[in-house]
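Source file: my_file-v8.cif; contents: mmCIF, C-alpha atoms.
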```cif
data_entry
#
loop_
_atom_site.label_atom_id
_atom_site.label_comp_id
_atom_site.auth_asym_id
_atom_site.auth_seq_id
_atom_site.Cartn_x
_atom_site.Cartn_y
_atom_site.Cartn_z
CA MET A 29 0.00 0.00 0.00
CA LEU A 30 1.16 3.51 -0.87
CA LEU A 31 -0.17 6.57 0.97
CA VAL A 32 -0.27 9.93 -0.80
CA GLY A 33 -0.86 13.34 0.78
CA ASP A 34 -1.95 16.00 -1.72
CA ASP A 35 -2.06 19.63 -0.58
CA TRP A 36 -3.64 21.42 -3.54
CA ALA A 37 -3.62 25.02 -4.68
CA GLU A 38 -5.05 26.69 -7.75
CA ASP A 39 -1.99 26.07 -9.93
CA HIS A 40 0.03 23.37 -8.17
CA HIS A 41 -0.03 20.39 -5.80
CA ASP A 42 2.43 19.56 -3.01
CA VAL A 43 2.47 15.77 -2.68
CA GLU A 44 4.19 13.27 -0.45
CA VAL A 45 4.27 9.48 -0.93
CA GLN A 46 4.65 7.21 2.11
CA ASP A 47 4.76 3.48 2.69
CA GLU A 48 2.67 1.66 5.29
CA ALA A 49 5.30 2.29 7.97
CA GLY A 50 5.09 6.06 7.46
CA ARG A 51 8.47 6.28 5.74
CA ARG A 52 8.65 9.07 3.17
CA LEU A 53 9.28 7.68 -0.30
CA GLY A 54 9.02 10.87 -2.28
CA ARG A 55 8.00 14.51 -2.17
CA ALA A 56 7.40 16.99 -5.00
CA ARG A 57 5.54 20.11 -6.10
CA LEU A 58 3.53 19.26 -9.22
CA PRO A 59 1.81 21.61 -11.66
CA GLU A 60 -1.95 21.45 -12.13
CA GLY A 61 -3.10 19.59 -15.23
CA ILE A 62 -1.99 16.65 -17.35
CA ALA A 63 1.72 17.24 -16.79
CA GLY A 64 1.30 17.20 -13.02
CA ILE A 65 -0.91 14.12 -12.84
CA SER A 66 1.51 12.28 -15.16
CA ARG A 67 4.41 13.08 -12.84
CA LEU A 68 2.37 11.85 -9.87
CA HIS A 69 1.69 8.54 -11.63
CA ALA A 70 5.42 8.28 -12.37
CA MET A 71 6.31 8.91 -8.71
CA ILE A 72 3.93 6.19 -7.61
CA GLY A 73 5.16 3.84 -10.33
CA GLN A 74 8.72 4.07 -9.04
CA HIS A 75 7.64 2.35 -5.83
CA VAL A 76 5.52 -0.38 -7.33
CA GLY A 77 7.27 -3.75 -7.31
CA ASP A 78 8.03 -5.83 -10.36
CA ASP A 79 5.90 -8.74 -9.18
CA ASP A 80 2.24 -9.15 -10.08
CA GLU A 81 1.00 -8.35 -6.56
CA PRO A 82 -1.52 -5.47 -6.76
CA VAL A 83 -0.66 -2.22 -4.99
CA GLU A 84 -3.34 -0.12 -3.36
CA VAL A 85 -2.84 3.66 -3.60
CA VAL A 86 -4.67 5.81 -1.05
CA VAL A 87 -4.80 9.59 -1.50
CA GLY A 88 -5.76 12.25 1.03
CA ILE A 89 -6.78 15.65 -0.37
CA GLU A 90 -8.86 18.58 0.92
CA THR A 91 -11.39 18.61 -1.91
CA GLU A 92 -13.70 16.22 -3.72
CA ARG A 93 -14.23 18.27 -6.89
CA GLY A 94 -12.31 19.14 -10.01
CA PRO A 95 -10.55 17.33 -12.86
CA TRP A 96 -7.55 16.43 -10.69
CA VAL A 97 -9.72 14.42 -8.29
CA GLN A 98 -11.52 12.79 -11.21
CA ALA A 99 -8.15 11.80 -12.67
CA LEU A 100 -7.14 10.21 -9.35
CA LEU A 101 -10.37 8.22 -9.26
CA ALA A 102 -10.02 7.19 -12.90
CA ALA A 103 -6.56 5.81 -12.12
CA GLY A 104 -8.12 3.48 -9.56
CA TYR A 105 -6.77 5.26 -6.49
CA GLN A 106 -8.83 5.35 -3.31
CA VAL A 107 -9.39 9.05 -2.62
CA TYR A 108 -10.39 10.58 0.72
CA ALA A 109 -11.67 14.16 0.69
CA ILE A 110 -10.74 15.51 4.14
CA ASN A 111 -12.26 18.60 5.73
CA PRO A 112 -9.56 21.30 6.19
CA LEU A 113 -10.70 21.83 9.79
CA ARG A 114 -10.07 18.16 10.48
CA VAL A 115 -6.59 18.46 8.97
CA ALA A 116 -5.84 21.44 11.21
CA ARG A 117 -6.92 19.50 14.31
CA TYR A 118 -4.77 16.54 13.29
CA ARG A 119 -1.78 18.81 12.75
CA GLU A 120 -2.14 20.12 16.32
CA ARG A 121 -1.77 16.56 17.63
CA HIS A 122 1.85 16.52 16.50
CA SER A 123 2.90 20.16 16.75
CA VAL A 124 1.80 22.97 19.06
CA SER A 125 4.10 25.60 17.57
CA GLY A 126 1.58 26.65 14.92
CA ALA A 127 4.12 26.20 12.11
CA LYS A 128 2.52 25.48 8.74
CA SER A 129 3.68 24.93 5.16
CA ASP A 130 2.33 23.25 2.05
CA PRO A 131 4.84 20.33 2.14
CA ALA A 132 4.03 19.85 5.83
CA ASP A 133 0.32 19.75 5.03
CA ALA A 134 0.98 17.10 2.38
CA HIS A 135 2.82 15.09 5.04
CA THR A 136 -0.12 15.52 7.43
CA LEU A 137 -2.60 14.34 4.80
CA ALA A 138 -0.50 11.26 4.05
CA ASP A 139 -0.31 10.50 7.78
CA MET A 140 -4.07 10.86 8.13
CA VAL A 141 -4.93 8.34 5.42
CA ARG A 142 -2.28 5.99 6.85
CA THR A 143 -3.41 6.06 10.50
CA ASP A 144 -7.01 7.37 10.54
CA ARG A 145 -8.36 6.05 7.27
CA HIS A 146 -11.08 4.07 9.06
CA GLN A 147 -12.45 7.36 10.43
CA LEU A 148 -12.56 9.10 7.06
CA ARG A 149 -15.10 9.05 4.24
CA PRO A 150 -13.86 8.15 0.74
CA VAL A 151 -15.01 10.23 -2.19
CA ALA A 152 -18.36 8.86 -3.28
CA GLY A 153 -18.64 6.98 -6.52
CA ASP A 154 -21.54 9.02 -7.85
CA SER A 155 -22.66 8.59 -11.43
CA ASP A 156 -21.84 11.15 -14.09
CA LEU A 157 -25.51 12.12 -14.26
CA ALA A 158 -25.65 12.76 -10.50
CA GLU A 159 -22.54 14.92 -10.80
CA ALA A 160 -24.14 16.85 -13.66
CA ILE A 161 -27.28 17.39 -11.57
CA LYS A 162 -25.10 18.74 -8.76
CA VAL A 163 -23.45 21.21 -11.14
CA VAL A 164 -26.72 22.65 -12.51
CA THR A 165 -28.59 22.67 -9.17
CA ARG A 166 -25.75 24.46 -7.41
CA ALA A 167 -25.49 27.00 -10.22
CA HIS A 168 -29.25 27.55 -10.06
CA LYS A 169 -29.27 28.02 -6.28
CA THR A 170 -26.23 30.32 -6.40
CA LEU A 171 -28.00 32.54 -8.92
CA ILE A 172 -31.02 32.74 -6.61
CA TRP A 173 -28.82 33.70 -3.66
CA GLU A 174 -27.07 36.35 -5.77
CA ARG A 175 -30.41 37.73 -6.96
CA THR A 176 -31.49 38.09 -3.35
CA ARG A 177 -28.31 40.02 -2.52
CA HIS A 178 -28.81 42.41 -5.42
CA THR A 179 -32.50 42.82 -4.56
CA LEU A 180 -31.52 43.92 -1.05
CA ARG A 181 -29.02 46.38 -2.54
CA LEU A 182 -31.76 47.79 -4.78
CA ARG A 183 -34.09 48.09 -1.81
CA ARG A 184 -31.43 49.92 0.21
CA ALA A 185 -30.85 52.40 -2.61
CA LEU A 186 -34.58 53.04 -2.98
CA LEU A 187 -35.03 53.59 0.75
CA ASP A 188 -32.26 56.19 0.65
CA PHE A 189 -33.92 58.42 -1.95
CA PHE A 190 -37.18 56.88 -3.27
CA PRO A 191 -38.98 54.99 -0.44
CA ALA A 192 -42.34 55.25 -2.21
CA ALA A 193 -41.13 52.63 -4.72
CA VAL A 194 -40.62 50.09 -1.93
CA THR A 195 -44.21 50.71 -0.80
CA ALA A 196 -45.69 50.67 -4.32
CA PHE A 197 -44.07 47.44 -5.50
CA ASP A 198 -44.51 44.22 -3.52
CA ASP A 199 -41.67 42.28 -5.17
CA LEU A 200 -38.66 44.32 -6.23
CA ASP A 201 -37.25 41.48 -8.37
CA ALA A 202 -40.55 40.85 -10.21
CA PRO A 203 -40.53 41.47 -14.00
CA ASP A 204 -43.20 44.20 -13.89
CA THR A 205 -41.41 46.04 -11.08
CA LEU A 206 -38.09 45.91 -12.91
CA GLU A 207 -39.70 47.14 -16.14
CA LEU A 208 -41.27 50.14 -14.39
CA LEU A 209 -38.14 50.99 -12.42
CA ALA A 210 -36.08 50.83 -15.60
CA ALA A 211 -38.43 53.35 -17.21
CA ALA A 212 -38.81 55.51 -14.10
CA PRO A 213 -35.89 55.09 -11.66
CA ASP A 214 -36.51 58.29 -9.66
CA PRO A 215 -39.50 59.95 -7.90
CA VAL A 216 -40.12 62.58 -10.58
CA THR A 217 -40.34 60.25 -13.56
CA ALA A 218 -42.21 57.63 -11.52
CA ALA A 219 -44.92 60.11 -10.60
CA ALA A 220 -45.40 60.80 -14.31
CA LEU A 221 -46.11 57.16 -15.22
CA ASP A 222 -49.53 56.92 -16.90
CA ASP A 223 -52.14 54.16 -16.80
CA GLU A 224 -51.04 52.62 -20.10
CA GLN A 225 -47.39 52.22 -19.09
CA ILE A 226 -48.22 50.56 -15.78
CA THR A 227 -50.96 48.38 -17.29
CA THR A 228 -48.64 47.16 -20.06
CA ALA A 229 -45.98 46.13 -17.53
CA LEU A 230 -48.53 44.31 -15.36
CA ARG A 231 -49.98 42.48 -18.35
CA ARG A 232 -46.54 41.28 -19.47
CA ALA A 233 -46.05 39.88 -15.97
CA ARG A 234 -49.51 38.22 -16.17
CA ARG A 235 -50.83 39.95 -13.09
CA ARG A 236 -54.45 39.74 -11.97
CA GLY A 237 -56.64 42.59 -10.78
CA ILE A 238 -54.74 45.04 -12.95
CA PRO A 239 -57.04 48.11 -12.60
CA GLY A 240 -56.82 48.02 -8.81
CA LYS A 241 -53.04 47.54 -8.86
CA VAL A 242 -52.60 50.42 -11.31
CA ALA A 243 -54.58 52.76 -9.07
CA LYS A 244 -52.61 51.72 -5.97
CA ILE A 245 -49.22 52.15 -7.67
CA GLN A 246 -50.11 55.59 -9.03
CA GLU A 247 -51.48 56.74 -5.68
CA VAL A 248 -48.31 55.76 -3.82
CA LEU A 249 -45.90 57.12 -6.43
CA ARG A 250 -47.71 60.47 -6.62
CA THR A 251 -47.92 61.00 -2.86
CA PRO A 252 -45.58 63.83 -1.74
CA GLN A 253 -42.41 62.43 -0.18
CA LEU A 254 -39.21 63.74 1.35
CA ALA A 255 -36.63 64.15 -1.41
CA GLN A 256 -32.89 64.22 -1.94
CA PRO A 257 -31.22 67.09 -3.84
CA SER A 258 -31.66 66.65 -7.59
CA VAL A 259 -28.02 65.83 -8.30
CA VAL A 260 -27.99 63.20 -5.54
CA ALA A 261 -31.29 61.76 -6.76
CA GLY A 262 -29.83 61.54 -10.26
CA ALA A 263 -26.85 59.57 -8.96
CA TYR A 264 -29.14 57.18 -7.08
CA ALA A 265 -31.28 56.75 -10.22
CA VAL A 266 -28.21 55.58 -12.14
CA THR A 267 -27.45 52.97 -9.47
CA VAL A 268 -31.08 51.81 -9.53
CA GLN A 269 -30.94 51.34 -13.30
CA ALA A 270 -27.74 49.32 -12.93
CA GLN A 271 -29.30 47.03 -10.30
CA VAL A 272 -32.44 46.66 -12.41
CA ALA A 273 -30.36 45.54 -15.40
CA ILE A 274 -28.49 43.01 -13.23
CA LEU A 275 -31.71 41.63 -11.72
CA THR A 276 -33.32 41.33 -15.16
CA THR A 277 -30.38 39.24 -16.31
CA PHE A 278 -30.55 37.13 -13.15
CA ASN A 279 -34.24 36.39 -13.77
CA THR A 280 -33.51 35.25 -17.33
CA GLN A 281 -30.61 33.01 -16.31
CA ILE A 282 -32.46 31.53 -13.33
CA ASP A 283 -35.32 30.51 -15.62
CA MET A 284 -32.84 28.96 -18.05
CA MET A 285 -31.02 27.05 -15.30
CA GLU A 286 -34.34 25.84 -13.88
CA GLN A 287 -35.08 24.20 -17.23
CA GLN A 288 -31.65 22.56 -17.15
CA VAL A 289 -32.26 21.25 -13.63
CA GLY A 290 -35.56 19.72 -14.72
CA ALA A 291 -34.05 18.18 -17.85
CA HIS A 292 -31.15 16.53 -15.99
CA PHE A 293 -33.21 15.42 -13.00
CA GLY A 294 -35.87 13.88 -15.25
CA ARG A 295 -33.26 11.48 -16.67
CA HIS A 296 -32.12 10.07 -13.32
CA PRO A 297 -33.48 6.62 -12.39
CA ASP A 298 -34.02 7.68 -8.75
CA GLY A 299 -36.06 10.71 -9.80
CA GLU A 300 -39.43 9.02 -9.23
CA VAL A 301 -38.47 8.02 -5.68
CA TYR A 302 -37.47 11.59 -4.85
CA LEU A 303 -40.57 13.09 -6.42
CA SER A 304 -42.76 10.73 -4.39
CA GLN A 305 -41.48 12.21 -1.12
CA PRO A 306 -43.78 14.74 0.57
CA GLY A 307 -42.63 18.32 0.07
CA LEU A 308 -40.23 17.53 -2.79
CA GLY A 309 -40.90 18.84 -6.28
CA GLY A 310 -38.68 18.89 -9.32
CA ILE A 311 -36.28 21.58 -8.11
CA LEU A 312 -36.04 20.60 -4.42
CA GLY A 313 -35.87 16.92 -5.34
CA ALA A 314 -32.98 17.60 -7.71
CA ARG A 315 -31.13 19.58 -5.03
CA VAL A 316 -31.51 16.82 -2.45
CA LEU A 317 -30.39 14.14 -4.91
CA ALA A 318 -27.42 16.25 -5.98
CA GLU A 319 -26.15 16.80 -2.45
CA PHE A 320 -26.75 13.23 -1.25
CA GLY A 321 -25.37 11.69 -4.45
CA ASP A 322 -26.46 8.36 -5.87
CA ASP A 323 -23.67 6.05 -4.69
CA LYS A 324 -25.59 3.10 -3.20
CA THR A 325 -22.75 2.23 -0.81
CA ARG A 326 -22.11 5.74 0.54
CA TYR A 327 -24.52 5.56 3.50
CA SER A 328 -24.43 2.36 5.52
CA ASP A 329 -27.76 3.10 7.19
CA ALA A 330 -30.33 5.83 7.76
CA LYS A 331 -28.31 7.26 10.66
CA ALA A 332 -25.28 7.78 8.42
CA ARG A 333 -27.43 9.66 5.90
CA LYS A 334 -28.96 11.79 8.67
CA ASN A 335 -25.52 12.60 10.06
CA TYR A 336 -24.32 13.70 6.64
CA ALA A 337 -27.47 15.77 6.15
CA GLY A 338 -26.85 17.55 9.44
CA THR A 339 -30.42 16.98 10.62
CA SER A 340 -29.55 14.55 13.43
CA PRO A 341 -28.70 16.14 16.79
CA ILE A 342 -25.40 15.97 18.66
CA THR A 343 -25.40 14.65 22.22
CA LYS A 344 -22.76 15.86 24.69
CA ALA A 345 -22.66 13.90 27.95
CA SER A 346 -20.19 14.13 30.81
CA GLY A 347 -20.95 12.83 34.27
CA LYS A 348 -24.44 13.93 35.23
CA LYS A 349 -24.58 16.60 32.54
CA LYS A 350 -26.18 15.84 29.21
CA ILE A 351 -27.17 18.28 26.48
CA VAL A 352 -28.51 17.81 22.95
CA LEU A 353 -27.51 20.34 20.29
CA ALA A 354 -28.22 20.95 16.63
CA ARG A 355 -25.43 20.32 14.15
CA TYR A 356 -24.02 23.63 12.97
CA VAL A 357 -21.37 22.10 10.71
CA HIS A 358 -23.28 20.86 7.70
CA ASN A 359 -23.82 21.13 3.97
CA ASP A 360 -25.59 24.50 3.69
CA ARG A 361 -27.24 23.65 0.38
CA LEU A 362 -28.57 20.31 1.60
CA ILE A 363 -29.87 21.59 4.93
CA ASP A 364 -31.59 24.48 3.11
CA ALA A 365 -33.37 22.08 0.74
CA LEU A 366 -34.38 19.71 3.54
CA GLY A 367 -35.74 22.59 5.59
CA GLN A 368 -37.90 23.70 2.69
CA GLN A 369 -39.07 20.12 2.20
CA ALA A 370 -40.07 19.80 5.86
CA PHE A 371 -42.08 23.03 5.71
CA ALA A 372 -43.84 22.02 2.47
CA ALA A 373 -44.54 18.53 3.88
CA LEU A 374 -46.77 20.04 6.58
CA LYS A 375 -49.46 20.47 3.92
CA ALA A 376 -48.55 17.52 1.70
CA SER A 377 -48.46 14.79 4.36
CA PRO A 378 -50.91 14.21 7.26
CA GLY A 379 -48.28 12.06 8.97
CA ALA A 380 -45.68 14.81 8.74
CA ARG A 381 -48.17 17.34 10.10
CA ALA A 382 -49.03 15.08 13.04
CA TYR A 383 -45.34 14.52 13.79
CA TYR A 384 -44.65 18.28 13.71
CA ASP A 385 -47.68 19.03 15.94
CA GLN A 386 -46.49 16.42 18.41
CA GLN A 387 -43.09 18.13 18.70
CA ARG A 388 -44.75 21.49 19.21
CA THR A 389 -46.97 20.02 21.93
CA ARG A 390 -43.80 18.95 23.76
CA GLY A 391 -42.75 22.60 23.88
CA ILE A 392 -40.26 22.46 21.01
CA GLY A 393 -39.92 25.62 18.92
CA HIS A 394 -40.97 25.91 15.28
CA ARG A 395 -37.48 25.67 13.75
CA ALA A 396 -36.43 22.79 16.02
CA ALA A 397 -39.64 20.93 15.22
CA LEU A 398 -39.06 21.42 11.49
CA ARG A 399 -35.49 20.16 11.92
CA GLN A 400 -36.75 17.02 13.65
CA LEU A 401 -39.35 16.51 10.95
CA GLY A 402 -36.63 16.93 8.32
CA ASN A 403 -34.55 14.32 10.15
CA ARG A 404 -37.49 11.93 10.05
CA LEU A 405 -38.05 12.56 6.35
CA VAL A 406 -34.38 11.82 5.60
CA GLY A 407 -34.79 8.43 7.26
CA ILE A 408 -37.91 7.73 5.19
CA LEU A 409 -36.06 8.76 2.01
CA HIS A 410 -33.19 6.41 2.87
CA GLY A 411 -35.60 3.49 3.21
CA CYS A 412 -37.28 4.28 -0.09
CA LEU A 413 -33.95 4.53 -1.93
CA LYS A 414 -32.65 1.35 -0.32
CA THR A 415 -35.67 -0.68 -1.45
CA GLY A 416 -36.26 1.24 -4.68
CA THR A 417 -39.90 1.91 -3.78
CA PRO A 418 -41.79 5.22 -3.84
CA TYR A 419 -43.09 6.93 -0.71
CA ASP A 420 -46.23 5.54 0.90
CA GLU A 421 -47.99 7.66 3.53
CA HIS A 422 -49.30 4.71 5.53
CA THR A 423 -46.03 2.79 5.57
CA ALA A 424 -43.95 5.85 6.40
CA TRP A 425 -45.79 6.82 9.57
CA THR A 426 -47.42 3.61 10.86
CA HIS A 427 -44.39 2.66 12.98
CA HIS A 428 -44.26 6.11 14.57
CA GLN A 429 -47.99 6.06 15.31
CA GLN A 430 -47.69 2.63 16.93
CA ASP A 431 -44.87 3.91 19.14
CA GLN A 432 -47.03 6.82 20.24
CA GLN A 433 -49.91 4.52 21.11
CA LEU A 434 -47.62 2.32 23.20
CA ALA A 435 -46.18 5.36 24.98
CA ALA A 436 -49.67 6.60 25.76
#
```
Translate this file's structure into structure tokens.
Amino acid sequence: MLLVGDDWAEDHHDVEVQDEAGRRLGRARLPEGIAGISRLHAMIGQHVGDDDEPVEVVVGIETERGPWVQALLAAGYQVYAINPLRVARYRERHSVSGAKSDPADAHTLADMVRTDRHQLRPVAGDSDLAEAIKVVTRAHKTLIWERTRHTLRLRRALLDFFPAAVTAFDDLDAPDTLELLAAAPDPVTAAALDDEQITTALRRARRRGIPGKVAKIQEVLRTPQLAQPSVVAGAYAVTVQAQVAILTTFNTQIDMMEQQVGAHFGRHPDGEVYLSQPGLGGILGARVLAEFGDDKTRYSDAKARKNYAGTSPITKASGKKKIVLARYVHNDRLIDALGQQAFAALKASPGARAYYDQQRTRGIGHRAALRQLGNRLVGILHGCLKTGTPYDEHTAWTHHQQDQQLAA
């Protein structure tokens, strides 16, 4: 067995090769790309015997993405993606001075896969389709997060010189709002908007109750307001137009990426199982699949999947003291999707609603109850994926209901 520590940077990799006894066999700084991976294969090849006995190569690296990792997996190496915080804690076991360097980190990574490999999680063998779904769902969600940031910036600018716009328009990132703000980005021009201009924008956005909305918008925009000096208002109007243009582009790209998410997710064989879960539609289902992956051997049981999801609690016990805490180190994208699923499941599933109400009756807060419901739904999803069967309301909650009857 050969152990490899790989401390990566944007343009190079510091690597160290060890044997099973921890003896350093080689160390090098390799360039990113084909030339670097070829040199790594050559380094490893120098220490492979001439006999026919197979040699296992184990690699520790602080990422699970990118062409370099894919090349390692394609070569048949066993790759462990190790959290950088975990590497830092391991480093402190052997040195308290705080000294740090890239070659030293490569040595630490090689040591970790040599001594603590049983505590680490290998990079999952997800299918190419699952990886593609992860790429498009993450891009889609990132665009939504960025749109929210720019919407808040637009709102802040309007509050500083044109607060009536915030009152007149319910959704600042809506197409009709952006169209009207592009045409009238300041109080003076907005007050001059006529019925036809506002009506046209509302019709393009397919709004209902247009006459009433037109009257409300005009009333608010034409109400006297405190104003900034004209030159300052003009500067703010330019910034509003810039934010409007950015948000318009975001809306177009988000719609395009949503179609891509649906197209990729619709081709996955596990798609029907995910869509059968309460609270999961095409977009949320794709996000959950992308973050969990589709490697059938990745999660040994439902508890392992819950731990990865970050929905299961952490228990800290010492002597007579025992506390239960939420997991704050988790996959942000996955926990966000599961939280939305739990909230939507309150209407979609009577069993989920009953489970949530039971937690609330025990005095648990709304967010904690949703987190516990999400944890329960992850376990149900694991069972469905393991057996390849869609969700069934009766089967999913019968065991829990029986436990409650016995407890009563």
> Between CA of Arg67 in chain A and CA of Pro82 in chain A, what is the distance, to one decimal in Å?
Replying inline: 20.4 Å
> What do you get, as a PyMOL selection string, if you spell out every residue that the PyMOL selection byres ((chain A and resi 228) around 12) selects here?
Replying inline: chain A and resi 203-205+207-208+221-227+229-235+238-239+242
>> What would the selection look like, as a PyMOL selection string, if the PyMOL selection byres ((chain A and resi 145) around 12) were run on the coordinates I just shared?
In response: chain A and resi 31+86-88+106-110+137-144+146-150
> Got a sec: who's within 9 Å of Gln253 in chain A, counting all atoms listed in the file, leaving out chain neighbours fewer than 3 positions off, as a PyMOL selection string?
Replying inline: chain A and resi 190-192+215+249-250
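Closest approach to Ala265 in chain A among A:Ser328, A:Ser340, A:Ser304, A:Thr217: A:Thr217, based on all atoms listed in the file.
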